[in-house]
$ cat final_15.txt   # compact mmCIF, C-alpha atoms and all ligand atoms
# COMPACT_ATOMS: atom_id res chain seq x y z
CA MET A 89 -70.30 -26.51 95.78
CA VAL A 90 -70.82 -29.98 97.34
CA ILE A 91 -70.73 -29.88 101.11
CA ASP A 92 -71.50 -32.87 103.32
CA PRO A 93 -73.06 -32.38 106.72
CA PRO A 94 -71.11 -33.25 109.84
CA SER A 95 -72.15 -36.27 111.89
CA ILE A 96 -72.22 -36.90 115.61
CA GLU A 97 -70.12 -39.82 116.78
CA SER A 98 -67.63 -40.88 119.37
CA SER A 99 -64.12 -39.49 119.36
CA GLY A 100 -60.90 -41.44 119.69
CA LEU A 101 -61.15 -40.92 123.41
CA ASP A 102 -63.90 -42.33 125.54
CA VAL A 103 -65.21 -39.31 127.38
CA SER A 104 -68.67 -40.71 128.05
CA GLU A 105 -67.80 -41.79 131.59
CA LEU A 106 -65.91 -38.62 132.45
CA ASP A 107 -66.64 -36.68 135.57
CA VAL A 108 -66.42 -33.23 134.05
CA SER A 109 -66.76 -31.59 137.44
CA GLU A 110 -63.13 -32.62 137.92
CA LEU A 111 -62.02 -30.44 135.04
CA ASP A 112 -60.07 -27.49 136.32
CA ILE A 113 -61.66 -24.44 134.75
CA SER A 114 -58.58 -22.34 135.53
CA SER A 115 -56.23 -24.44 133.39
CA LEU A 116 -57.03 -22.14 130.45
CA ASP A 117 -57.79 -18.43 130.59
CA ILE A 118 -61.37 -18.49 129.31
CA SER A 119 -62.72 -15.65 131.43
CA SER A 120 -63.56 -13.45 128.42
CA LEU A 121 -65.59 -16.30 126.89
CA SER A 122 -67.96 -16.98 129.72
CA ASP A 123 -71.22 -15.41 128.61
CA SER A 124 -73.01 -13.87 125.64
CA PRO A 125 -75.70 -11.17 125.41
CA LEU A 126 -79.42 -11.88 125.27
CA GLN A 127 -80.97 -9.40 122.85
CA GLN A 128 -84.67 -8.77 122.45
CA LEU A 129 -85.90 -8.15 118.90
CA HIS A 130 -88.60 -5.57 118.25
CA SER A 131 -90.66 -5.20 115.09
CA PRO A 132 -94.29 -4.66 114.04
CA PHE A 133 -94.31 -8.33 112.91
CA LEU A 134 -93.43 -9.62 116.39
CA GLU A 135 -95.78 -7.18 118.08
CA GLN A 136 -98.64 -8.24 115.86
CA ALA A 137 -97.89 -11.89 116.49
CA ASN A 138 -97.90 -11.10 120.21
CA VAL A 139 -94.70 -12.96 121.03
CA GLN A 140 -91.50 -11.85 122.68
CA LEU A 141 -88.40 -12.95 120.81
CA PHE A 142 -84.90 -12.93 122.30
CA VAL A 143 -81.69 -13.88 120.51
CA LYS A 144 -78.91 -15.51 122.49
CA ARG A 145 -75.94 -13.92 120.77
CA ASP A 146 -73.35 -16.66 120.98
CA ASP A 147 -72.05 -15.33 117.66
CA LEU A 148 -70.58 -12.46 119.67
CA MET A 149 -68.56 -14.64 122.06
CA HIS A 150 -65.46 -14.55 119.88
CA PRO A 151 -64.92 -13.30 116.31
CA GLN A 152 -63.26 -16.55 115.21
CA PHE A 153 -64.36 -19.30 117.55
CA GLY A 154 -67.63 -18.03 118.98
CA GLY A 155 -71.05 -19.58 118.52
CA ASN A 156 -71.79 -23.16 119.41
CA LYS A 157 -68.23 -23.99 118.31
CA TRP A 158 -66.91 -22.47 121.49
CA ARG A 159 -69.60 -24.18 123.56
CA LYS A 160 -68.43 -27.48 122.09
CA LEU A 161 -64.72 -26.81 122.31
CA LYS A 162 -64.63 -25.41 125.83
CA TYR A 163 -64.58 -28.63 127.87
CA ASN A 164 -62.66 -30.49 125.19
CA LEU A 165 -59.85 -27.95 125.39
CA LEU A 166 -59.87 -27.98 129.19
CA TYR A 167 -59.69 -31.77 129.10
CA ALA A 168 -56.86 -31.72 126.55
CA LYS A 169 -54.92 -29.17 128.58
CA GLN A 170 -55.30 -31.02 131.83
CA HIS A 171 -54.21 -34.26 130.25
CA GLN A 172 -51.11 -32.62 128.78
CA PHE A 173 -52.06 -32.98 125.13
CA ASP A 174 -50.31 -30.33 123.09
CA THR A 175 -51.99 -31.14 119.76
CA LEU A 176 -55.64 -31.22 118.71
CA LEU A 177 -56.67 -33.29 115.71
CA THR A 178 -60.08 -32.98 114.15
CA PHE A 179 -62.08 -33.48 110.95
CA GLY A 180 -64.09 -31.39 108.52
CA GLY A 181 -64.84 -30.27 105.00
CA ALA A 182 -63.55 -27.32 103.02
CA TRP A 183 -66.03 -24.87 104.59
CA SER A 184 -66.25 -26.39 108.05
CA ASN A 185 -67.06 -23.96 110.87
CA HIS A 186 -65.53 -26.47 113.24
CA ILE A 187 -62.18 -26.61 111.39
CA TYR A 188 -62.10 -22.81 111.34
CA ALA A 189 -62.89 -22.52 115.05
CA THR A 190 -60.52 -25.29 116.14
CA ALA A 191 -57.66 -23.72 114.20
CA ALA A 192 -58.35 -20.30 115.77
CA ALA A 193 -58.95 -21.60 119.30
CA GLY A 194 -55.87 -23.84 119.06
CA LYS A 195 -53.74 -20.86 118.15
CA HIS A 196 -55.32 -18.73 120.88
CA PHE A 197 -54.77 -21.29 123.64
CA GLY A 198 -51.39 -22.58 122.46
CA PHE A 199 -52.30 -25.97 120.99
CA LYS A 200 -50.89 -27.29 117.73
CA THR A 201 -53.73 -28.28 115.40
CA ILE A 202 -54.17 -30.86 112.67
CA GLY A 203 -57.17 -30.86 110.33
CA ILE A 204 -58.11 -34.05 108.48
CA ILE A 205 -59.91 -32.62 105.47
CA ARG A 206 -62.48 -34.48 103.40
CA GLY A 207 -61.76 -34.59 99.65
CA GLU A 208 -58.99 -33.36 97.42
CA LYS A 209 -56.92 -30.30 97.86
CA HIS A 210 -58.11 -27.37 95.78
CA THR A 211 -56.01 -24.49 94.55
CA PRO A 212 -56.64 -21.94 95.84
CA PRO A 213 -58.08 -23.46 99.01
CA SER A 214 -61.42 -22.29 100.42
CA ALA A 215 -61.35 -19.15 102.57
CA THR A 216 -61.98 -21.44 105.58
CA LEU A 217 -58.97 -23.64 104.93
CA SER A 218 -56.62 -20.80 104.10
CA PHE A 219 -57.64 -19.17 107.39
CA ALA A 220 -57.01 -22.47 109.21
CA GLU A 221 -53.56 -22.71 107.66
CA SER A 222 -52.82 -19.12 108.60
CA CYS A 223 -53.52 -20.13 112.22
CA GLY A 224 -50.88 -22.85 111.88
CA MET A 225 -53.23 -25.79 111.35
CA GLN A 226 -51.58 -28.64 109.48
CA LEU A 227 -54.00 -29.89 106.82
CA ASN A 228 -54.14 -33.47 105.61
CA TYR A 229 -56.56 -34.17 102.73
CA ILE A 230 -58.04 -37.65 102.52
CA ASN A 231 -60.50 -39.11 100.04
CA ARG A 232 -64.18 -39.46 100.91
CA THR A 233 -64.02 -43.25 101.32
CA GLU A 234 -61.23 -43.02 103.86
CA TYR A 235 -62.92 -40.06 105.52
CA ARG A 236 -65.99 -42.18 106.28
CA GLN A 237 -63.84 -44.18 108.71
CA LYS A 238 -63.36 -41.11 110.87
CA HIS A 239 -65.17 -42.69 113.82
CA GLU A 240 -63.62 -46.12 113.59
CA ALA A 241 -61.19 -47.08 116.34
CA GLN A 242 -58.73 -48.65 113.92
CA PHE A 243 -58.58 -45.55 111.77
CA LEU A 244 -58.16 -43.31 114.81
CA GLN A 245 -55.33 -45.54 116.02
CA LYS A 246 -53.69 -45.18 112.64
CA LEU A 247 -53.90 -41.40 112.96
CA LYS A 248 -52.38 -41.57 116.44
CA LYS A 249 -49.50 -43.64 115.08
CA GLN A 250 -49.00 -41.11 112.32
CA TYR A 251 -49.31 -37.96 114.43
CA GLY A 252 -48.34 -39.10 117.93
CA ASP A 253 -50.42 -38.63 121.06
CA VAL A 254 -52.96 -36.14 119.75
CA TYR A 255 -56.31 -35.22 121.34
CA ILE A 256 -58.95 -36.23 118.83
CA ILE A 257 -62.12 -34.15 118.58
CA PRO A 258 -64.81 -35.63 116.34
CA GLU A 259 -66.21 -33.85 113.29
CA GLY A 260 -68.40 -30.91 114.22
CA GLY A 261 -66.91 -31.04 117.75
CA SER A 262 -69.91 -33.11 118.86
CA ASN A 263 -69.18 -35.40 121.80
CA PRO A 264 -70.35 -35.61 125.44
CA LEU A 265 -68.03 -32.79 126.50
CA ALA A 266 -69.57 -30.62 123.79
CA ILE A 267 -73.01 -31.31 125.19
CA LYS A 268 -71.87 -30.26 128.64
CA GLY A 269 -70.73 -26.94 127.10
CA CYS A 270 -74.06 -26.44 125.33
CA GLN A 271 -75.97 -26.96 128.56
CA GLU A 272 -74.48 -23.72 129.84
CA ILE A 273 -76.47 -21.78 127.24
CA ILE A 274 -79.62 -22.48 129.25
CA ASP A 275 -78.00 -21.52 132.57
CA GLU A 276 -76.97 -18.16 131.11
CA ILE A 277 -80.38 -17.42 129.60
CA SER A 278 -82.19 -18.32 132.80
CA GLN A 279 -80.01 -15.95 134.78
CA LYS A 280 -80.89 -13.07 132.45
CA LEU A 281 -84.65 -13.47 132.13
CA ASN A 282 -87.00 -12.45 134.92
CA THR A 283 -89.56 -15.02 133.89
CA PRO A 284 -88.66 -18.34 132.25
CA PHE A 285 -88.89 -18.61 128.46
CA ASP A 286 -91.46 -20.92 126.87
CA VAL A 287 -89.64 -22.06 123.75
CA ILE A 288 -86.01 -22.22 122.68
CA CYS A 289 -84.87 -22.72 119.10
CA CYS A 290 -81.52 -23.68 117.65
CA ALA A 291 -80.14 -24.81 114.31
CA SER A 292 -79.30 -28.51 114.11
CA GLY A 293 -76.63 -30.34 112.16
CA THR A 294 -75.55 -33.20 114.41
CA GLY A 295 -78.11 -32.50 117.15
CA ALA A 296 -75.48 -32.04 119.88
CA THR A 297 -76.44 -28.44 120.60
CA LEU A 298 -80.11 -29.38 120.84
CA ALA A 299 -79.22 -32.28 123.13
CA GLY A 300 -77.35 -29.94 125.49
CA ILE A 301 -80.21 -27.45 125.50
CA THR A 302 -82.93 -30.05 125.89
CA SER A 303 -81.20 -31.77 128.77
CA LYS A 304 -81.29 -28.50 130.72
CA ILE A 305 -84.76 -27.08 130.11
CA HIS A 306 -87.71 -27.68 132.41
CA SER A 307 -90.55 -29.99 131.49
CA ASP A 308 -92.89 -27.03 130.82
CA GLN A 309 -90.44 -25.51 128.35
CA TYR A 310 -90.02 -26.66 124.76
CA ALA A 311 -87.02 -26.89 122.42
CA ILE A 312 -87.04 -26.97 118.62
CA GLY A 313 -84.02 -27.87 116.53
CA PHE A 314 -84.33 -26.59 112.96
CA SER A 315 -82.60 -29.15 110.79
CA ALA A 316 -80.04 -27.78 108.33
CA LEU A 317 -80.18 -31.16 106.59
CA LYS A 318 -82.80 -32.71 104.34
CA GLY A 319 -84.53 -35.63 106.04
CA GLY A 320 -83.31 -34.37 109.39
CA LYS A 321 -85.92 -36.28 111.42
CA PHE A 322 -83.25 -38.95 112.00
CA LEU A 323 -81.57 -36.40 114.27
CA GLU A 324 -84.24 -37.13 116.89
CA GLN A 325 -82.51 -40.46 117.49
CA GLU A 326 -79.11 -38.84 117.75
CA VAL A 327 -80.40 -36.31 120.26
CA SER A 328 -82.19 -39.00 122.31
CA GLN A 329 -78.92 -40.87 122.79
CA PHE A 330 -77.60 -37.99 124.82
CA LEU A 331 -80.62 -37.44 127.02
CA PRO A 332 -81.14 -39.09 130.39
CA ILE A 333 -83.22 -42.24 130.02
CA LYS A 334 -85.46 -41.10 132.87
CA ALA A 335 -86.82 -38.26 130.71
CA THR A 336 -90.41 -39.31 130.06
CA ILE A 337 -91.78 -36.08 128.63
CA LYS A 338 -90.68 -35.30 125.11
CA ASN A 339 -90.58 -31.54 125.24
CA TRP A 340 -88.50 -31.11 122.09
CA ARG A 341 -88.53 -31.92 118.41
CA ILE A 342 -86.68 -31.54 115.15
CA GLU A 343 -88.35 -29.20 112.66
CA ASP A 344 -87.36 -30.42 109.21
CA ASN A 345 -89.33 -28.21 106.84
CA TYR A 346 -86.75 -25.46 106.44
CA HIS A 347 -83.62 -27.12 105.03
CA PHE A 348 -83.95 -25.38 101.63
CA GLY A 349 -83.16 -28.53 99.67
CA GLY A 350 -80.41 -29.89 101.88
CA TYR A 351 -77.23 -29.17 103.75
CA ALA A 352 -75.57 -25.92 102.61
CA LYS A 353 -78.17 -25.48 99.84
CA VAL A 354 -79.66 -22.02 99.51
CA ASP A 355 -82.05 -20.19 97.22
CA ASP A 356 -82.88 -16.56 96.51
CA THR A 357 -85.66 -16.52 99.12
CA LEU A 358 -83.25 -17.52 101.89
CA ILE A 359 -80.55 -15.10 100.79
CA GLN A 360 -83.11 -12.26 100.62
CA PHE A 361 -84.44 -13.20 104.07
CA ILE A 362 -80.92 -13.02 105.53
CA LYS A 363 -80.40 -9.58 103.97
CA ASP A 364 -83.78 -8.30 105.19
CA PHE A 365 -83.11 -9.68 108.67
CA ARG A 366 -79.76 -7.87 108.76
CA ASP A 367 -81.40 -4.62 107.63
CA GLN A 368 -84.28 -4.84 110.08
CA TYR A 369 -82.58 -6.18 113.22
CA GLY A 370 -78.90 -5.39 112.59
CA ILE A 371 -77.92 -9.04 113.02
CA MET A 372 -76.09 -11.03 110.36
CA LEU A 373 -77.07 -14.69 109.97
CA ASP A 374 -75.23 -17.48 108.22
CA ALA A 375 -76.70 -19.28 105.21
CA VAL A 376 -76.12 -22.87 106.37
CA TYR A 377 -77.60 -22.87 109.86
CA THR A 378 -78.97 -19.75 111.53
CA GLY A 379 -80.51 -18.22 108.38
CA LYS A 380 -82.61 -21.36 107.91
CA MET A 381 -83.54 -21.47 111.59
CA PHE A 382 -84.75 -17.86 111.69
CA PHE A 383 -86.58 -18.27 108.40
CA GLY A 384 -88.41 -21.32 109.78
CA LEU A 385 -89.06 -19.66 113.12
CA PHE A 386 -90.56 -16.58 111.46
CA GLN A 387 -92.78 -18.81 109.34
CA LEU A 388 -94.01 -20.64 112.43
CA ILE A 389 -94.64 -17.34 114.19
CA ALA A 390 -96.58 -16.02 111.17
CA GLN A 391 -98.67 -19.20 111.13
CA GLY A 392 -99.66 -18.62 114.76
CA HIS A 393 -97.82 -21.75 115.86
CA PHE A 394 -96.92 -20.27 119.26
CA GLU A 395 -99.36 -19.28 121.96
CA LYS A 396 -99.99 -15.55 122.40
CA HIS A 397 -97.57 -13.91 124.87
CA SER A 398 -95.03 -16.70 124.40
CA THR A 399 -91.44 -15.90 125.17
CA ILE A 400 -89.18 -17.47 122.57
CA VAL A 401 -85.38 -17.58 122.62
CA ALA A 402 -83.44 -18.31 119.43
CA LEU A 403 -79.78 -19.27 119.64
CA HIS A 404 -77.46 -17.47 117.23
CA SER A 405 -74.86 -20.21 116.97
CA GLY A 406 -72.44 -18.23 114.79
CA GLY A 407 -71.06 -19.75 111.58
CA LEU A 408 -70.67 -16.41 109.80
CA GLN A 409 -67.28 -17.36 108.37
CA GLY A 410 -69.12 -19.76 106.05
CA ASN A 411 -70.83 -16.81 104.33
CA ALA A 412 -67.63 -16.29 102.35
CA GLY A 413 -68.81 -19.24 100.25
CA TYR A 414 -72.05 -17.40 99.36
CA LYS A 415 -72.86 -13.98 97.98
CA LEU A 416 -73.50 -12.49 101.40
C1 LIG B 1 -73.08 -22.20 113.12
C2 LIG B 1 -73.64 -23.53 113.47
N1 LIG B 1 -74.87 -23.58 114.00
C3 LIG B 1 -75.45 -24.75 114.33
C4 LIG B 1 -74.79 -25.93 114.14
C5 LIG B 1 -75.48 -27.20 114.47
O1 LIG B 1 -75.06 -27.68 115.70
P1 LIG B 1 -75.16 -29.22 116.02
O2 LIG B 1 -74.20 -29.92 115.10
O3 LIG B 1 -74.75 -29.32 117.42
O4 LIG B 1 -76.55 -29.66 115.77
C6 LIG B 1 -73.48 -25.94 113.61
C7 LIG B 1 -72.72 -27.18 113.43
O5 LIG B 1 -72.17 -27.71 114.33
C8 LIG B 1 -72.90 -24.69 113.27
O6 LIG B 1 -71.66 -24.62 112.75
$ encode --input "final_15.txt" --output "structure tokens" --more "lines below"
Ligand SMILES: Cc1ncc(COP(=O)(O)O)c(C=O)c1O
Amino acid sequence: MVIDPPSIESSGLDVSELDVSELDISSLDISSLSDSPLQQLHSPFLEQANVQLFVKRDDLMHPQFGGNKWRKLKYNLLYAKQHQFDTLLTFGGAWSNHIYATAAAGKHFGFKTIGIIRGEKHTPPSATLSFAESCGMQLNYINRTEYRQKHEAQFLQKLKKQYGDVYIIPEGGSNPLAIKGCQEIIDEISQKLNTPFDVICCASGTGATLAGITSKIHSDQYAIGFSALKGGKFLEQEVSQFLPIKATIKNWRIEDNYHFGGYAKVDDTLIQFIKDFRDQYGIMLDAVYTGKMFFGLFQLIAQGHFEKHSTIVALHSGGLQGNAGYKL
């Protein structure tokens, strides 16, 4: 199974200068999607390591479009609604969490959806794409060369000519409105903890989630993005682009030792870890993102990387639908 990672880029719409405070939160009924639980994990391993570990359960926000997908879609959908777009167009591969979530959220909130899919059509389609179709998403397969133009203005114009006045969300959902949505993760955690956490961890693919998180933490807190990609150090540049220039302290980093050979690659050790984690803590992880993050985090904890009595929060960013592509 060849799966390419998503990339962060601009969308067909320039939202960088947007005043998001003008977005009317009541234009969509999102009341049931406003928060997620913060769950503390207990085990002899964590006790011995003398750290407190909490999981921000964004995977529980919605069965089909929860996780960081909802964080990224939230303000994009509000924007689309308020600007009278009735169709969302976005990009992804055959197993894309973002395609899956956009199709489901589009159906839920009454948008038509179009998915521009990388590569040829397969019969039968992946479980992700057949779900997207069942939600009413119109799929258009394009070859990989054409797909690489997905951020180019000319190509986006061509799509608009073809499909009409659609609201274009970039691959992975990662744009400035997505970052605004991810910032809310920190607000919610802070409201739930009596004392501030020391470290927050998330899985990183484009770096947008980490950018949202990092832009909201205090200078004495630290954020780690566990790269799901091989050679993920380049993500530090992507994340920096979204941070205020005035930030002088670099209280975050990309951890790139736990990619398991590359994007969507797995081995028996990772699969076993995910199964053991499920058995011990009752939480299912995905193999592409959160499984690798927790594996890496547990390794760092075991190595004594964190100070004693540290409070660590790990974001469960969802992605469980992708497990259908693995033996999980
Ligand atoms: C489940 C899941 N977790 C984490 C990520 C990584 O998030 P980001 O692309 O914002 O770095 C993704 C991809 O967007 C994802 O689907």
$ residues_around --input "final_15.txt" --residues "A:Ser122" --least-positions-apart "3" --cutoff "9 Å" --atoms "all atoms listed in the file" --output "mmCIF file with C-alpha atoms, in the frame of the given file"
data_model
loop_
_atom_site.group_PDB
_atom_site.id
_atom_site.type_symbol
_atom_site.label_atom_id
_atom_site.label_comp_id
_atom_site.auth_asym_id
_atom_site.auth_seq_id
_atom_site.Cartn_x
_atom_site.Cartn_y
_atom_site.Cartn_z
ATOM 1 C CA ILE A 118 -61.370 -18.490 129.310
ATOM 2 C CA SER A 119 -62.720 -15.650 131.430
ATOM 3 C CA MET A 149 -68.560 -14.640 122.060
#
$ residues_near_ligand --input "final_15.txt" --ligand "ligand LIG 1 (chain B)" --cutoff "8 Å" --atoms "all atoms listed in the file" --output "PDB file with C-alpha atoms, keeping the file's coordinate frame"
ATOM      1  CA  PRO A  94     -71.110 -33.250 109.840  1.00  0.00           C
ATOM      2  CA  SER A  95     -72.150 -36.270 111.890  1.00  0.00           C
ATOM      3  CA  ILE A  96     -72.220 -36.900 115.610  1.00  0.00           C
ATOM      4  CA  GLY A 155     -71.050 -19.580 118.520  1.00  0.00           C
ATOM      5  CA  ASN A 156     -71.790 -23.160 119.410  1.00  0.00           C
ATOM      6  CA  LYS A 157     -68.230 -23.990 118.310  1.00  0.00           C
ATOM      7  CA  SER A 184     -66.250 -26.390 108.050  1.00  0.00           C
ATOM      8  CA  ASN A 185     -67.060 -23.960 110.870  1.00  0.00           C
ATOM      9  CA  HIS A 186     -65.530 -26.470 113.240  1.00  0.00           C
ATOM     10  CA  GLY A 260     -68.400 -30.910 114.220  1.00  0.00           C
ATOM     11  CA  GLY A 261     -66.910 -31.040 117.750  1.00  0.00           C
ATOM     12  CA  SER A 262     -69.910 -33.110 118.860  1.00  0.00           C
ATOM     13  CA  CYS A 290     -81.520 -23.680 117.650  1.00  0.00           C
ATOM     14  CA  ALA A 291     -80.140 -24.810 114.310  1.00  0.00           C
ATOM     15  CA  SER A 292     -79.300 -28.510 114.110  1.00  0.00           C
ATOM     16  CA  GLY A 293     -76.630 -30.340 112.160  1.00  0.00           C
ATOM     17  CA  THR A 294     -75.550 -33.200 114.410  1.00  0.00           C
ATOM     18  CA  GLY A 295     -78.110 -32.500 117.150  1.00  0.00           C
ATOM     19  CA  ALA A 296     -75.480 -32.040 119.880  1.00  0.00           C
ATOM     20  CA  THR A 297     -76.440 -28.440 120.600  1.00  0.00           C
ATOM     21  CA  LEU A 298     -80.110 -29.380 120.840  1.00  0.00           C
ATOM     22  CA  ALA A 299     -79.220 -32.280 123.130  1.00  0.00           C
ATOM     23  CA  GLY A 313     -84.020 -27.870 116.530  1.00  0.00           C
ATOM     24  CA  SER A 315     -82.600 -29.150 110.790  1.00  0.00           C
ATOM     25  CA  ALA A 316     -80.040 -27.780 108.330  1.00  0.00           C
ATOM     26  CA  ASP A 374     -75.230 -17.480 108.220  1.00  0.00           C
ATOM     27  CA  VAL A 376     -76.120 -22.870 106.370  1.00  0.00           C
ATOM     28  CA  TYR A 377     -77.600 -22.870 109.860  1.00  0.00           C
ATOM     29  CA  THR A 378     -78.970 -19.750 111.530  1.00  0.00           C
ATOM     30  CA  HIS A 404     -77.460 -17.470 117.230  1.00  0.00           C
ATOM     31  CA  SER A 405     -74.860 -20.210 116.970  1.00  0.00           C
ATOM     32  CA  GLY A 406     -72.440 -18.230 114.790  1.00  0.00           C
ATOM     33  CA  GLY A 407     -71.060 -19.750 111.580  1.00  0.00           C
ATOM     34  CA  LEU A 408     -70.670 -16.410 109.800  1.00  0.00           C
TER      35      LEU A 408
END
$ residues_around --input "final_15.txt" --residues "A:Val354" --least-positions-apart "5" --cutoff "8 Å" --atoms "only C-alpha atoms" --output "list in words"
Phe348, Gly349, Ile359, Ala375 and Val376 of chain A
$ atom_distance --input "final_15.txt" --atom1 "atom CA of A:His306" --atom2 "atom CA of A:Val287"
10.5 Å
$ atom_distance --input "final_15.txt" --atom1 "atom CA of A:Glu324" --atom2 "atom CA of A:Ile342"
6.3 Å
$ atom_distance --input "final_15.txt" --atom1 "atom CA of A:Leu403" --atom2 "atom CA of A:Lys144"
4.8 Å
$ closest_atom_pairs --input "final_15.txt" --of "stretch 232-320 of chain A" --to "stretch 189-192 of chain A" --cutoff "12 Å" --atoms "all atoms listed in the file" --output "JSON lines"
{"residue": "A:Tyr255", "atom": "CA", "partner": "A:Thr190", "partner_atom": "CA", "distance": 12.0}
{"residue": "A:Ile256", "atom": "CA", "partner": "A:Thr190", "partner_atom": "CA", "distance": 11.4}
{"residue": "A:Ile257", "atom": "CA", "partner": "A:Thr190", "partner_atom": "CA", "distance": 9.3}
{"residue": "A:Pro258", "atom": "CA", "partner": "A:Thr190", "partner_atom": "CA", "distance": 11.2}
{"residue": "A:Glu259", "atom": "CA", "partner": "A:Thr190", "partner_atom": "CA", "distance": 10.7}
{"residue": "A:Gly260", "atom": "CA", "partner": "A:Thr190", "partner_atom": "CA", "distance": 9.9}
{"residue": "A:Gly261", "atom": "CA", "partner": "A:Thr190", "partner_atom": "CA", "distance": 8.7}
$ closest_residue --input "final_15.txt" --among "A:Gln136, A:Gln128, A:Thr216, A:Thr302" --to "A:Gln152" --atoms "only C-alpha atoms"
A:Thr216
$ residues_around --input "final_15.txt" --residues "A:Ser307" --least-positions-apart "4" --cutoff "10 Å" --atoms "all atoms listed in the file" --output "PyMOL selection string"
chain A and resi 302-303+335-340
$ residues_around --input "final_15.txt" --residues "stretch 110-113 of chain A" --least-positions-apart "4" --cutoff "9 Å" --atoms "all atoms listed in the file" --output "list in words"
Leu106, Asp117, Ile118, Tyr163, Leu166, Tyr167 and Gln170 of chain A
$ residues_around --input "final_15.txt" --residues "A:Gln279" --least-positions-apart "5" --cutoff "12 Å" --atoms "all atoms listed in the file" --output "list in words"
Asp123, Ser124, Pro125, Leu126, Glu272, Ile273, Ile274, Pro284 and Phe285 of chain A
$ residues_near_point --input "final_15.txt" --point "(-91.0, -19.8, 116.2)" --cutoff "9 Å" --atoms "all atoms listed in the file" --output "list in words"
Leu141, Val287, Ile288, Cys289, Ile312, Met381, Phe382, Gly384, Leu385, Phe386, Gln387, Leu388, Ile389, Ala390, Gly392, His393, Phe394, Ile400, Val401 and Ala402 of chain A
$ write_last_selection --input "final_15.txt" --atoms "C-alpha atoms" --output "tab-separated table (two decimals), keeping the file's coordinate frame"
chain	number	residue	atom	x	y	z
A	141	LEU	CA	-88.40	-12.95	120.81
A	287	VAL	CA	-89.64	-22.06	123.75
A	288	ILE	CA	-86.01	-22.22	122.68
A	289	CYS	CA	-84.87	-22.72	119.10
A	312	ILE	CA	-87.04	-26.97	118.62
A	381	MET	CA	-83.54	-21.47	111.59
A	382	PHE	CA	-84.75	-17.86	111.69
A	384	GLY	CA	-88.41	-21.32	109.78
A	385	LEU	CA	-89.06	-19.66	113.12
A	386	PHE	CA	-90.56	-16.58	111.46
A	387	GLN	CA	-92.78	-18.81	109.34
A	388	LEU	CA	-94.01	-20.64	112.43
A	389	ILE	CA	-94.64	-17.34	114.19
A	390	ALA	CA	-96.58	-16.02	111.17
A	392	GLY	CA	-99.66	-18.62	114.76
A	393	HIS	CA	-97.82	-21.75	115.86
A	394	PHE	CA	-96.92	-20.27	119.26
A	400	ILE	CA	-89.18	-17.47	122.57
A	401	VAL	CA	-85.38	-17.58	122.62
A	402	ALA	CA	-83.44	-18.31	119.43
$ closest_residue --input "final_15.txt" --among "A:Cys223, A:Ile267, A:Ala215, A:Val327" --to "A:Gly181" --atoms "only C-alpha atoms"
A:Ala215
$ closest_residue --input "final_15.txt" --among "A:Phe330, A:Val143, A:Lys415, A:Phe322" --to "A:Lys363" --atoms "all atoms listed in the file"
A:Lys415
$ axis_aligned_box --input "final_15.txt" --around "stretch 199-216 of chain A" --padding-each-side "8 Å" --output "AutoDock Vina command-line options"
--center_x -56.7 --center_y -26.9 --center_z 107.8 --size_x 27.6 --size_y 31.4 --size_z 42.4
$ closest_residue --input "final_15.txt" --among "A:His150, A:Lys321, A:Lys280, A:Lys195" --to "A:Glu343" --atoms "all atoms listed in the file"
A:Lys321
